[in-house]
>>> print(open('input.pdb').read())   # PDB, N, CA and C atoms
MODEL        1
ATOM      1  N   MET O   1     -17.217 -48.472  22.685
ATOM      2  CA  MET O   1     -16.808 -49.857  22.824
ATOM      3  C   MET O   1     -17.254 -50.629  21.585
ATOM      4  N   LYS O   2     -16.406 -51.504  21.131
ATOM      5  CA  LYS O   2     -16.741 -52.345  19.984
ATOM      6  C   LYS O   2     -17.611 -53.518  20.425
ATOM      7  N   LYS O   3     -18.476 -53.941  19.527
ATOM      8  CA  LYS O   3     -19.311 -55.113  19.775
ATOM      9  C   LYS O   3     -18.508 -56.356  19.442
ATOM     10  N   ILE O   4     -18.593 -57.359  20.299
ATOM     11  CA  ILE O   4     -17.859 -58.613  20.131
ATOM     12  C   ILE O   4     -18.824 -59.679  19.634
ATOM     13  N   GLY O   5     -18.429 -60.414  18.607
ATOM     14  CA  GLY O   5     -19.186 -61.570  18.150
ATOM     15  C   GLY O   5     -18.572 -62.822  18.754
ATOM     16  N   LEU O   6     -19.398 -63.644  19.356
ATOM     17  CA  LEU O   6     -18.912 -64.839  20.044
ATOM     18  C   LEU O   6     -19.657 -66.057  19.524
ATOM     19  N   ILE O   7     -18.898 -67.023  19.025
ATOM     20  CA  ILE O   7     -19.492 -68.321  18.729
ATOM     21  C   ILE O   7     -19.432 -69.066  20.044
ATOM     22  N   GLY O   8     -20.597 -69.283  20.633
ATOM     23  CA  GLY O   8     -20.660 -69.848  21.969
ATOM     24  C   GLY O   8     -20.073 -71.237  22.053
ATOM     25  N   GLY O   9     -19.914 -71.636  23.276
ATOM     26  CA  GLY O   9     -19.414 -72.980  23.513
ATOM     27  C   GLY O   9     -20.403 -74.020  23.022
ATOM     28  N   ILE O  10     -19.969 -75.217  22.973
ATOM     29  CA  ILE O  10     -20.829 -76.294  22.490
ATOM     30  C   ILE O  10     -21.934 -76.602  23.505
ATOM     31  N   THR O  11     -21.702 -76.276  24.762
ATOM     32  CA  THR O  11     -22.734 -76.457  25.783
ATOM     33  C   THR O  11     -23.090 -75.102  26.382
ATOM     34  N   PRO O  12     -24.301 -74.949  26.920
ATOM     35  CA  PRO O  12     -24.670 -73.681  27.554
ATOM     36  C   PRO O  12     -23.730 -73.302  28.699
ATOM     37  N   GLU O  13     -23.245 -74.299  29.425
ATOM     38  CA  GLU O  13     -22.361 -74.022  30.559
ATOM     39  C   GLU O  13     -21.077 -73.320  30.121
ATOM     40  N   SER O  14     -20.510 -73.742  29.000
ATOM     41  CA  SER O  14     -19.281 -73.091  28.541
ATOM     42  C   SER O  14     -19.576 -71.705  27.967
ATOM     43  N   THR O  15     -20.726 -71.535  27.332
ATOM     44  CA  THR O  15     -21.094 -70.219  26.815
ATOM     45  C   THR O  15     -21.273 -69.233  27.965
ATOM     46  N   ILE O  16     -21.896 -69.673  29.044
ATOM     47  CA  ILE O  16     -22.068 -68.827  30.230
ATOM     48  C   ILE O  16     -20.716 -68.397  30.767
ATOM     49  N   LEU O  17     -19.760 -69.315  30.801
ATOM     50  CA  LEU O  17     -18.424 -68.997  31.302
ATOM     51  C   LEU O  17     -17.776 -67.899  30.457
ATOM     52  N   TYR O  18     -17.833 -68.033  29.128
ATOM     53  CA  TYR O  18     -17.271 -67.004  28.247
ATOM     54  C   TYR O  18     -17.955 -65.661  28.496
ATOM     55  N   TYR O  19     -19.272 -65.682  28.616
ATOM     56  CA  TYR O  19     -20.061 -64.468  28.836
ATOM     57  C   TYR O  19     -19.638 -63.783  30.138
ATOM     58  N   GLN O  20     -19.511 -64.561  31.196
ATOM     59  CA  GLN O  20     -19.115 -64.005  32.489
ATOM     60  C   GLN O  20     -17.708 -63.419  32.443
ATOM     61  N   ILE O  21     -16.785 -64.123  31.816
ATOM     62  CA  ILE O  21     -15.399 -63.643  31.737
ATOM     63  C   ILE O  21     -15.329 -62.325  30.969
ATOM     64  N   LEU O  22     -15.976 -62.245  29.825
ATOM     65  CA  LEU O  22     -15.933 -61.021  29.020
ATOM     66  C   LEU O  22     -16.566 -59.842  29.753
ATOM     67  N   ASN O  23     -17.660 -60.084  30.465
ATOM     68  CA  ASN O  23     -18.295 -59.005  31.215
ATOM     69  C   ASN O  23     -17.478 -58.592  32.430
ATOM     70  N   THR O  24     -16.829 -59.528  33.078
ATOM     71  CA  THR O  24     -15.949 -59.199  34.202
ATOM     72  C   THR O  24     -14.774 -58.356  33.728
ATOM     73  N   LEU O  25     -14.160 -58.741  32.620
ATOM     74  CA  LEU O  25     -13.051 -57.961  32.065
ATOM     75  C   LEU O  25     -13.498 -56.542  31.710
ATOM     76  N   SER O  26     -14.673 -56.413  31.111
ATOM     77  CA  SER O  26     -15.192 -55.089  30.760
ATOM     78  C   SER O  26     -15.416 -54.241  32.003
ATOM     79  N   ALA O  27     -16.029 -54.819  33.015
ATOM     80  CA  ALA O  27     -16.288 -54.088  34.258
ATOM     81  C   ALA O  27     -14.989 -53.681  34.942
ATOM     82  N   ASN O  28     -14.006 -54.558  34.928
ATOM     83  CA  ASN O  28     -12.716 -54.245  35.554
ATOM     84  C   ASN O  28     -11.996 -53.111  34.832
ATOM     85  N   GLN O  29     -12.105 -53.073  33.516
ATOM     86  CA  GLN O  29     -11.383 -52.059  32.743
ATOM     87  C   GLN O  29     -12.143 -50.739  32.627
ATOM     88  N   LEU O  30     -13.476 -50.812  32.570
ATOM     89  CA  LEU O  30     -14.269 -49.610  32.296
ATOM     90  C   LEU O  30     -15.050 -49.091  33.498
ATOM     91  N   GLY O  31     -15.161 -49.900  34.525
ATOM     92  CA  GLY O  31     -15.958 -49.534  35.697
ATOM     93  C   GLY O  31     -17.078 -50.528  35.900
ATOM     94  N   LYS O  32     -17.468 -50.694  37.167
ATOM     95  CA  LYS O  32     -18.371 -51.808  37.499
ATOM     96  C   LYS O  32     -19.763 -51.733  36.877
ATOM     97  N   THR O  33     -20.177 -50.565  36.388
ATOM     98  CA  THR O  33     -21.499 -50.487  35.755
ATOM     99  C   THR O  33     -21.473 -50.866  34.274
ATOM    100  N   HIS O  34     -20.287 -51.129  33.743
ATOM    101  CA  HIS O  34     -20.153 -51.455  32.318
ATOM    102  C   HIS O  34     -20.164 -52.964  32.085
ATOM    103  N   SER O  35     -20.615 -53.328  30.900
ATOM    104  CA  SER O  35     -20.571 -54.733  30.477
ATOM    105  C   SER O  35     -20.198 -54.772  28.998
ATOM    106  N   ALA O  36     -19.830 -55.940  28.538
ATOM    107  CA  ALA O  36     -19.424 -56.111  27.142
ATOM    108  C   ALA O  36     -20.642 -56.072  26.227
ATOM    109  N   GLU O  37     -20.469 -55.468  25.057
ATOM    110  CA  GLU O  37     -21.505 -55.534  24.024
ATOM    111  C   GLU O  37     -21.231 -56.789  23.207
ATOM    112  N   LEU O  38     -22.156 -57.737  23.264
ATOM    113  CA  LEU O  38     -21.926 -59.055  22.673
ATOM    114  C   LEU O  38     -23.059 -59.481  21.753
ATOM    115  N   ILE O  39     -22.692 -60.225  20.741
ATOM    116  CA  ILE O  39     -23.637 -61.014  19.954
ATOM    117  C   ILE O  39     -23.172 -62.453  20.125
ATOM    118  N   ILE O  40     -24.048 -63.290  20.655
ATOM    119  CA  ILE O  40     -23.679 -64.687  20.913
ATOM    120  C   ILE O  40     -24.481 -65.599  19.988
ATOM    121  N   ASN O  41     -23.774 -66.488  19.315
ATOM    122  CA  ASN O  41     -24.411 -67.521  18.511
ATOM    123  C   ASN O  41     -23.928 -68.860  19.063
ATOM    124  N   SER O  42     -24.847 -69.655  19.533
ATOM    125  CA  SER O  42     -24.451 -70.957  20.066
ATOM    126  C   SER O  42     -25.074 -72.065  19.220
ATOM    127  N   PHE O  43     -24.491 -73.232  19.323
ATOM    128  CA  PHE O  43     -24.916 -74.374  18.519
ATOM    129  C   PHE O  43     -25.716 -75.370  19.345
ATOM    130  N   ASP O  44     -26.533 -76.131  18.651
ATOM    131  CA  ASP O  44     -27.246 -77.255  19.255
ATOM    132  C   ASP O  44     -26.251 -78.409  19.373
ATOM    133  N   PHE O  45     -25.920 -78.780  20.597
ATOM    134  CA  PHE O  45     -24.927 -79.826  20.799
ATOM    135  C   PHE O  45     -25.336 -81.138  20.138
ATOM    136  N   GLY O  46     -26.630 -81.424  20.073
ATOM    137  CA  GLY O  46     -27.096 -82.651  19.419
ATOM    138  C   GLY O  46     -26.659 -82.718  17.965
ATOM    139  N   GLN O  47     -26.767 -81.595  17.259
ATOM    140  CA  GLN O  47     -26.340 -81.553  15.856
ATOM    141  C   GLN O  47     -24.826 -81.684  15.737
ATOM    142  N   ILE O  48     -24.103 -81.000  16.606
ATOM    143  CA  ILE O  48     -22.636 -81.065  16.580
ATOM    144  C   ILE O  48     -22.172 -82.483  16.885
ATOM    145  N   SER O  49     -22.777 -83.094  17.886
ATOM    146  CA  SER O  49     -22.421 -84.458  18.277
ATOM    147  C   SER O  49     -22.651 -85.437  17.129
ATOM    148  N   GLN O  50     -23.761 -85.272  16.419
ATOM    149  CA  GLN O  50     -24.060 -86.151  15.287
ATOM    150  C   GLN O  50     -23.006 -85.996  14.191
ATOM    151  N   LEU O  51     -22.631 -84.754  13.880
ATOM    152  CA  LEU O  51     -21.602 -84.524  12.860
ATOM    153  C   LEU O  51     -20.274 -85.142  13.276
ATOM    154  N   LEU O  52     -19.931 -85.025  14.556
ATOM    155  CA  LEU O  52     -18.688 -85.620  15.052
ATOM    156  C   LEU O  52     -18.730 -87.142  14.949
ATOM    157  N   THR O  53     -19.858 -87.732  15.356
ATOM    158  CA  THR O  53     -20.013 -89.188  15.313
ATOM    159  C   THR O  53     -19.907 -89.711  13.884
ATOM    160  N   GLU O  54     -20.483 -88.962  12.950
ATOM    161  CA  GLU O  54     -20.449 -89.362  11.537
ATOM    162  C   GLU O  54     -19.099 -89.071  10.881
ATOM    163  N   GLY O  55     -18.247 -88.339  11.580
ATOM    164  CA  GLY O  55     -16.970 -87.943  10.985
ATOM    165  C   GLY O  55     -17.138 -86.905   9.885
ATOM    166  N   SER O  56     -18.210 -86.132   9.972
ATOM    167  CA  SER O  56     -18.519 -85.126   8.945
ATOM    168  C   SER O  56     -17.769 -83.822   9.234
ATOM    169  N   TRP O  57     -16.453 -83.901   9.177
ATOM    170  CA  TRP O  57     -15.615 -82.759   9.528
ATOM    171  C   TRP O  57     -15.820 -81.590   8.575
ATOM    172  N   ASP O  58     -16.021 -81.864   7.292
ATOM    173  CA  ASP O  58     -16.222 -80.782   6.324
ATOM    174  C   ASP O  58     -17.506 -80.011   6.623
ATOM    175  N   LEU O  59     -18.576 -80.732   6.955
ATOM    176  CA  LEU O  59     -19.838 -80.070   7.287
ATOM    177  C   LEU O  59     -19.715 -79.270   8.580
ATOM    178  N   LEU O  60     -19.024 -79.844   9.553
ATOM    179  CA  LEU O  60     -18.814 -79.146  10.822
ATOM    180  C   LEU O  60     -17.989 -77.881  10.601
ATOM    181  N   ASP O  61     -16.941 -78.001   9.803
ATOM    182  CA  ASP O  61     -16.101 -76.850   9.485
ATOM    183  C   ASP O  61     -16.919 -75.763   8.790
ATOM    184  N   LYS O  62     -17.759 -76.162   7.834
ATOM    185  CA  LYS O  62     -18.592 -75.196   7.114
ATOM    186  C   LYS O  62     -19.574 -74.517   8.055
ATOM    187  N   LYS O  63     -20.174 -75.287   8.939
ATOM    188  CA  LYS O  63     -21.128 -74.734   9.900
ATOM    189  C   LYS O  63     -20.464 -73.672  10.773
ATOM    190  N   MET O  64     -19.277 -73.969  11.258
ATOM    191  CA  MET O  64     -18.542 -73.016  12.107
ATOM    192  C   MET O  64     -18.129 -71.782  11.296
ATOM    193  N   ALA O  65     -17.607 -71.997  10.101
ATOM    194  CA  ALA O  65     -17.150 -70.879   9.266
ATOM    195  C   ALA O  65     -18.314 -69.984   8.851
ATOM    196  N   ASP O  66     -19.449 -70.584   8.501
ATOM    197  CA  ASP O  66     -20.619 -69.795   8.106
ATOM    198  C   ASP O  66     -21.122 -68.942   9.268
ATOM    199  N   THR O  67     -21.013 -69.468  10.464
ATOM    200  CA  THR O  67     -21.452 -68.727  11.641
ATOM    201  C   THR O  67     -20.537 -67.541  11.920
ATOM    202  N   ALA O  68     -19.241 -67.760  11.697
ATOM    203  CA  ALA O  68     -18.275 -66.678  11.955
ATOM    204  C   ALA O  68     -18.491 -65.562  10.965
TER
ENDMDL
END
>>> encode(input="input.pdb", output="structure tokens")
Amino acid sequence: MKKIGLIGGITPESTILYYQILNTLSANQLGKTHSAELIINSFDFGQISQLLTEGSWDLLDKKMADTA
């Protein structure tokens, strides 16, 4: 199985949702004892919110691209 890199959601709640969906899909396709191999990188919403408020789209874009 290939390892999946995931840039997590902006909030922990959305990251959990992505994590659950990917693991459910893996278990359904490979068998219930299997789970997805993941690397998760999530952001501090406070920093993202500040960049959005400031209209710092270039910095936000760079932050996301550097993480990917």
>>> closest_residue(input="input.pdb", among="O:Ser35, O:Leu60, O:Ala27, O:Gly8", to="Ile48 of chain O", atoms="only N, CA and C atoms")
O:Leu60
>>> closest_residue(input="input.pdb", among="O:Ile39, O:Leu51, O:Leu17, O:Ile7", to="Met64 of chain O", atoms="only C-alpha atoms")
O:Ile7
>>> closest_residue(input="input.pdb", among="O:Gly55, O:Leu30, O:Met1, O:Ala36", to="Tyr18 of chain O", atoms="only C-alpha atoms")
O:Ala36
>>> atom_distance(input="input.pdb", atom1="atom C of Ile16 of chain O", atom2="atom N of Ile4 of chain O")
15.4 Å
>>> resolve_selection(input="input.pdb", expression="the PyMOL selection byres (((chain O and resi 47 and name CA) around 12) and name CA)", output="list of chain:residue names")
O:Ile10, O:Thr11, O:Ser42, O:Phe43, O:Asp44, O:Phe45, O:Gly46, O:Ile48, O:Ser49, O:Gln50, O:Leu51, O:Leu52, O:Thr53, O:Glu54, O:Ser56, O:Leu59, O:Leu60, O:Lys63
>>> write_last_selection(input="input.pdb", atoms="N, CA and C atoms", output="PDB file, in the frame of the given file")
ATOM      1  N   ILE O  10     -19.969 -75.217  22.973  1.00  0.00           N
ATOM      2  CA  ILE O  10     -20.829 -76.294  22.490  1.00  0.00           C
ATOM      3  C   ILE O  10     -21.934 -76.602  23.505  1.00  0.00           C
ATOM      4  N   THR O  11     -21.702 -76.276  24.762  1.00  0.00           N
ATOM      5  CA  THR O  11     -22.734 -76.457  25.783  1.00  0.00           C
ATOM      6  C   THR O  11     -23.090 -75.102  26.382  1.00  0.00           C
ATOM      7  N   SER O  42     -24.847 -69.655  19.533  1.00  0.00           N
ATOM      8  CA  SER O  42     -24.451 -70.957  20.066  1.00  0.00           C
ATOM      9  C   SER O  42     -25.074 -72.065  19.220  1.00  0.00           C
ATOM     10  N   PHE O  43     -24.491 -73.232  19.323  1.00  0.00           N
ATOM     11  CA  PHE O  43     -24.916 -74.374  18.519  1.00  0.00           C
ATOM     12  C   PHE O  43     -25.716 -75.370  19.345  1.00  0.00           C
ATOM     13  N   ASP O  44     -26.533 -76.131  18.651  1.00  0.00           N
ATOM     14  CA  ASP O  44     -27.246 -77.255  19.255  1.00  0.00           C
ATOM     15  C   ASP O  44     -26.251 -78.409  19.373  1.00  0.00           C
ATOM     16  N   PHE O  45     -25.920 -78.780  20.597  1.00  0.00           N
ATOM     17  CA  PHE O  45     -24.927 -79.826  20.799  1.00  0.00           C
ATOM     18  C   PHE O  45     -25.336 -81.138  20.138  1.00  0.00           C
ATOM     19  N   GLY O  46     -26.630 -81.424  20.073  1.00  0.00           N
ATOM     20  CA  GLY O  46     -27.096 -82.651  19.419  1.00  0.00           C
ATOM     21  C   GLY O  46     -26.659 -82.718  17.965  1.00  0.00           C
ATOM     22  N   ILE O  48     -24.103 -81.000  16.606  1.00  0.00           N
ATOM     23  CA  ILE O  48     -22.636 -81.065  16.580  1.00  0.00           C
ATOM     24  C   ILE O  48     -22.172 -82.483  16.885  1.00  0.00           C
ATOM     25  N   SER O  49     -22.777 -83.094  17.886  1.00  0.00           N
ATOM     26  CA  SER O  49     -22.421 -84.458  18.277  1.00  0.00           C
ATOM     27  C   SER O  49     -22.651 -85.437  17.129  1.00  0.00           C
ATOM     28  N   GLN O  50     -23.761 -85.272  16.419  1.00  0.00           N
ATOM     29  CA  GLN O  50     -24.060 -86.151  15.287  1.00  0.00           C
ATOM     30  C   GLN O  50     -23.006 -85.996  14.191  1.00  0.00           C
ATOM     31  N   LEU O  51     -22.631 -84.754  13.880  1.00  0.00           N
ATOM     32  CA  LEU O  51     -21.602 -84.524  12.860  1.00  0.00           C
ATOM     33  C   LEU O  51     -20.274 -85.142  13.276  1.00  0.00           C
ATOM     34  N   LEU O  52     -19.931 -85.025  14.556  1.00  0.00           N
ATOM     35  CA  LEU O  52     -18.688 -85.620  15.052  1.00  0.00           C
ATOM     36  C   LEU O  52     -18.730 -87.142  14.949  1.00  0.00           C
ATOM     37  N   THR O  53     -19.858 -87.732  15.356  1.00  0.00           N
ATOM     38  CA  THR O  53     -20.013 -89.188  15.313  1.00  0.00           C
ATOM     39  C   THR O  53     -19.907 -89.711  13.884  1.00  0.00           C
ATOM     40  N   GLU O  54     -20.483 -88.962  12.950  1.00  0.00           N
ATOM     41  CA  GLU O  54     -20.449 -89.362  11.537  1.00  0.00           C
ATOM     42  C   GLU O  54     -19.099 -89.071  10.881  1.00  0.00           C
ATOM     43  N   SER O  56     -18.210 -86.132   9.972  1.00  0.00           N
ATOM     44  CA  SER O  56     -18.519 -85.126   8.945  1.00  0.00           C
ATOM     45  C   SER O  56     -17.769 -83.822   9.234  1.00  0.00           C
ATOM     46  N   LEU O  59     -18.576 -80.732   6.955  1.00  0.00           N
ATOM     47  CA  LEU O  59     -19.838 -80.070   7.287  1.00  0.00           C
ATOM     48  C   LEU O  59     -19.715 -79.270   8.580  1.00  0.00           C
ATOM     49  N   LEU O  60     -19.024 -79.844   9.553  1.00  0.00           N
ATOM     50  CA  LEU O  60     -18.814 -79.146  10.822  1.00  0.00           C
ATOM     51  C   LEU O  60     -17.989 -77.881  10.601  1.00  0.00           C
ATOM     52  N   LYS O  63     -20.174 -75.287   8.939  1.00  0.00           N
ATOM     53  CA  LYS O  63     -21.128 -74.734   9.900  1.00  0.00           C
ATOM     54  C   LYS O  63     -20.464 -73.672  10.773  1.00  0.00           C
TER      55      LYS O  63
END
>>> select_by_dssp(input="input.pdb", residues="chain O", states="helix (DSSP H, G or I)", output="VMD selection string")
chain O and resid 12 to 30 45 to 54 57 to 67
>>> residues_around(input="input.pdb", residues="Leu6 of chain O", least_positions_apart="5", cutoff="8 Å", atoms="only C-alpha atoms", output="list in words")
Leu38, Ile39, Ile40 and Asn41 of chain O
>>> atom_distance(input="input.pdb", atom1="atom CA of Glu13 of chain O", atom2="atom CA of Asp61 of chain O")
22.2 Å
>>> closest_residue(input="input.pdb", among="O:Ser26, O:Gly5, O:Thr15, O:Glu37", to="Ala68 of chain O", atoms="only N, CA and C atoms")
O:Gly5
>>> select_by_dssp(input="input.pdb", residues="chain O", states="strand (DSSP E)", output="PyMOL selection string")
chain O and resi 4-7+38-41
>>> write_last_selection(input="input.pdb", atoms="N, CA and C atoms", output="short mmCIF file (atom, residue, chain, number, x, y, z; two decimals), in the frame of the given file")
data_model
loop_
_atom_site.label_atom_id
_atom_site.label_comp_id
_atom_site.auth_asym_id
_atom_site.auth_seq_id
_atom_site.Cartn_x
_atom_site.Cartn_y
_atom_site.Cartn_z
N ILE O 4 -18.59 -57.36 20.30
CA ILE O 4 -17.86 -58.61 20.13
C ILE O 4 -18.82 -59.68 19.63
N GLY O 5 -18.43 -60.41 18.61
CA GLY O 5 -19.19 -61.57 18.15
C GLY O 5 -18.57 -62.82 18.75
N LEU O 6 -19.40 -63.64 19.36
CA LEU O 6 -18.91 -64.84 20.04
C LEU O 6 -19.66 -66.06 19.52
N ILE O 7 -18.90 -67.02 19.02
CA ILE O 7 -19.49 -68.32 18.73
C ILE O 7 -19.43 -69.07 20.04
N LEU O 38 -22.16 -57.74 23.26
CA LEU O 38 -21.93 -59.06 22.67
C LEU O 38 -23.06 -59.48 21.75
N ILE O 39 -22.69 -60.22 20.74
CA ILE O 39 -23.64 -61.01 19.95
C ILE O 39 -23.17 -62.45 20.12
N ILE O 40 -24.05 -63.29 20.66
CA ILE O 40 -23.68 -64.69 20.91
C ILE O 40 -24.48 -65.60 19.99
N ASN O 41 -23.77 -66.49 19.32
CA ASN O 41 -24.41 -67.52 18.51
C ASN O 41 -23.93 -68.86 19.06
#
>>> atom_distance(input="input.pdb", atom1="atom CA of Ile21 of chain O", atom2="atom CA of Thr33 of chain O")
15.0 Å
>>> axis_aligned_box(input="input.pdb", around="segment 8-20 of chain O", padding_each_side="3 Å", output="AutoDock Vina command-line options")
--center_x -21.0 --center_y -70.0 --center_z 26.6 --size_x 13.4 --size_y 19.2 --size_z 17.9
>>> decode(input="input.pdb", residues="segment 23-56 of chain O", atoms="C-alpha atoms", output="PDB file, in the first residue's frame")
ATOM      1  CA  ASN O  23      -9.339   4.533   6.967  1.00  0.00           C
ATOM      2  CA  THR O  24     -12.900   3.378   6.296  1.00  0.00           C
ATOM      3  CA  LEU O  25     -12.184   3.189   2.561  1.00  0.00           C
ATOM      4  CA  SER O  26      -9.004   1.197   3.235  1.00  0.00           C
ATOM      5  CA  ALA O  27     -10.807  -1.235   5.532  1.00  0.00           C
ATOM      6  CA  ASN O  28     -13.639  -1.685   3.034  1.00  0.00           C
ATOM      7  CA  GLN O  29     -11.260  -2.419   0.159  1.00  0.00           C
ATOM      8  CA  LEU O  30      -8.545  -4.404   1.952  1.00  0.00           C
ATOM      9  CA  GLY O  31     -10.337  -5.959   4.919  1.00  0.00           C
ATOM     10  CA  LYS O  32     -11.429  -4.695   8.302  1.00  0.00           C
ATOM     11  CA  THR O  33      -8.018  -5.095   9.968  1.00  0.00           C
ATOM     12  CA  HIS O  34      -6.374  -2.721   7.473  1.00  0.00           C
ATOM     13  CA  SER O  35      -5.995   1.034   7.713  1.00  0.00           C
ATOM     14  CA  ALA O  36      -4.491   3.733   5.524  1.00  0.00           C
ATOM     15  CA  GLU O  37      -0.810   4.598   5.825  1.00  0.00           C
ATOM     16  CA  LEU O  38      -0.906   8.357   6.337  1.00  0.00           C
ATOM     17  CA  ILE O  39       1.302  11.323   7.031  1.00  0.00           C
ATOM     18  CA  ILE O  40      -0.841  14.200   8.274  1.00  0.00           C
ATOM     19  CA  ASN O  41       0.301  17.806   8.443  1.00  0.00           C
ATOM     20  CA  SER O  42      -2.217  20.208   9.899  1.00  0.00           C
ATOM     21  CA  PHE O  43      -2.097  23.959  10.340  1.00  0.00           C
ATOM     22  CA  ASP O  44      -2.634  26.236  13.305  1.00  0.00           C
ATOM     23  CA  PHE O  45      -5.973  27.852  12.521  1.00  0.00           C
ATOM     24  CA  GLY O  46      -4.916  31.010  14.392  1.00  0.00           C
ATOM     25  CA  GLN O  47      -2.086  31.587  11.916  1.00  0.00           C
ATOM     26  CA  ILE O  48      -4.288  30.807   8.913  1.00  0.00           C
ATOM     27  CA  SER O  49      -7.026  33.106  10.200  1.00  0.00           C
ATOM     28  CA  GLN O  50      -4.538  35.952  10.655  1.00  0.00           C
ATOM     29  CA  LEU O  51      -3.229  35.543   7.092  1.00  0.00           C
ATOM     30  CA  LEU O  52      -6.798  35.547   5.763  1.00  0.00           C
ATOM     31  CA  THR O  53      -7.723  38.643   7.790  1.00  0.00           C
ATOM     32  CA  GLU O  54      -4.631  40.463   6.526  1.00  0.00           C
ATOM     33  CA  GLY O  55      -5.368  39.410   2.952  1.00  0.00           C
ATOM     34  CA  SER O  56      -1.927  37.788   2.795  1.00  0.00           C
TER      35      SER O  56
END
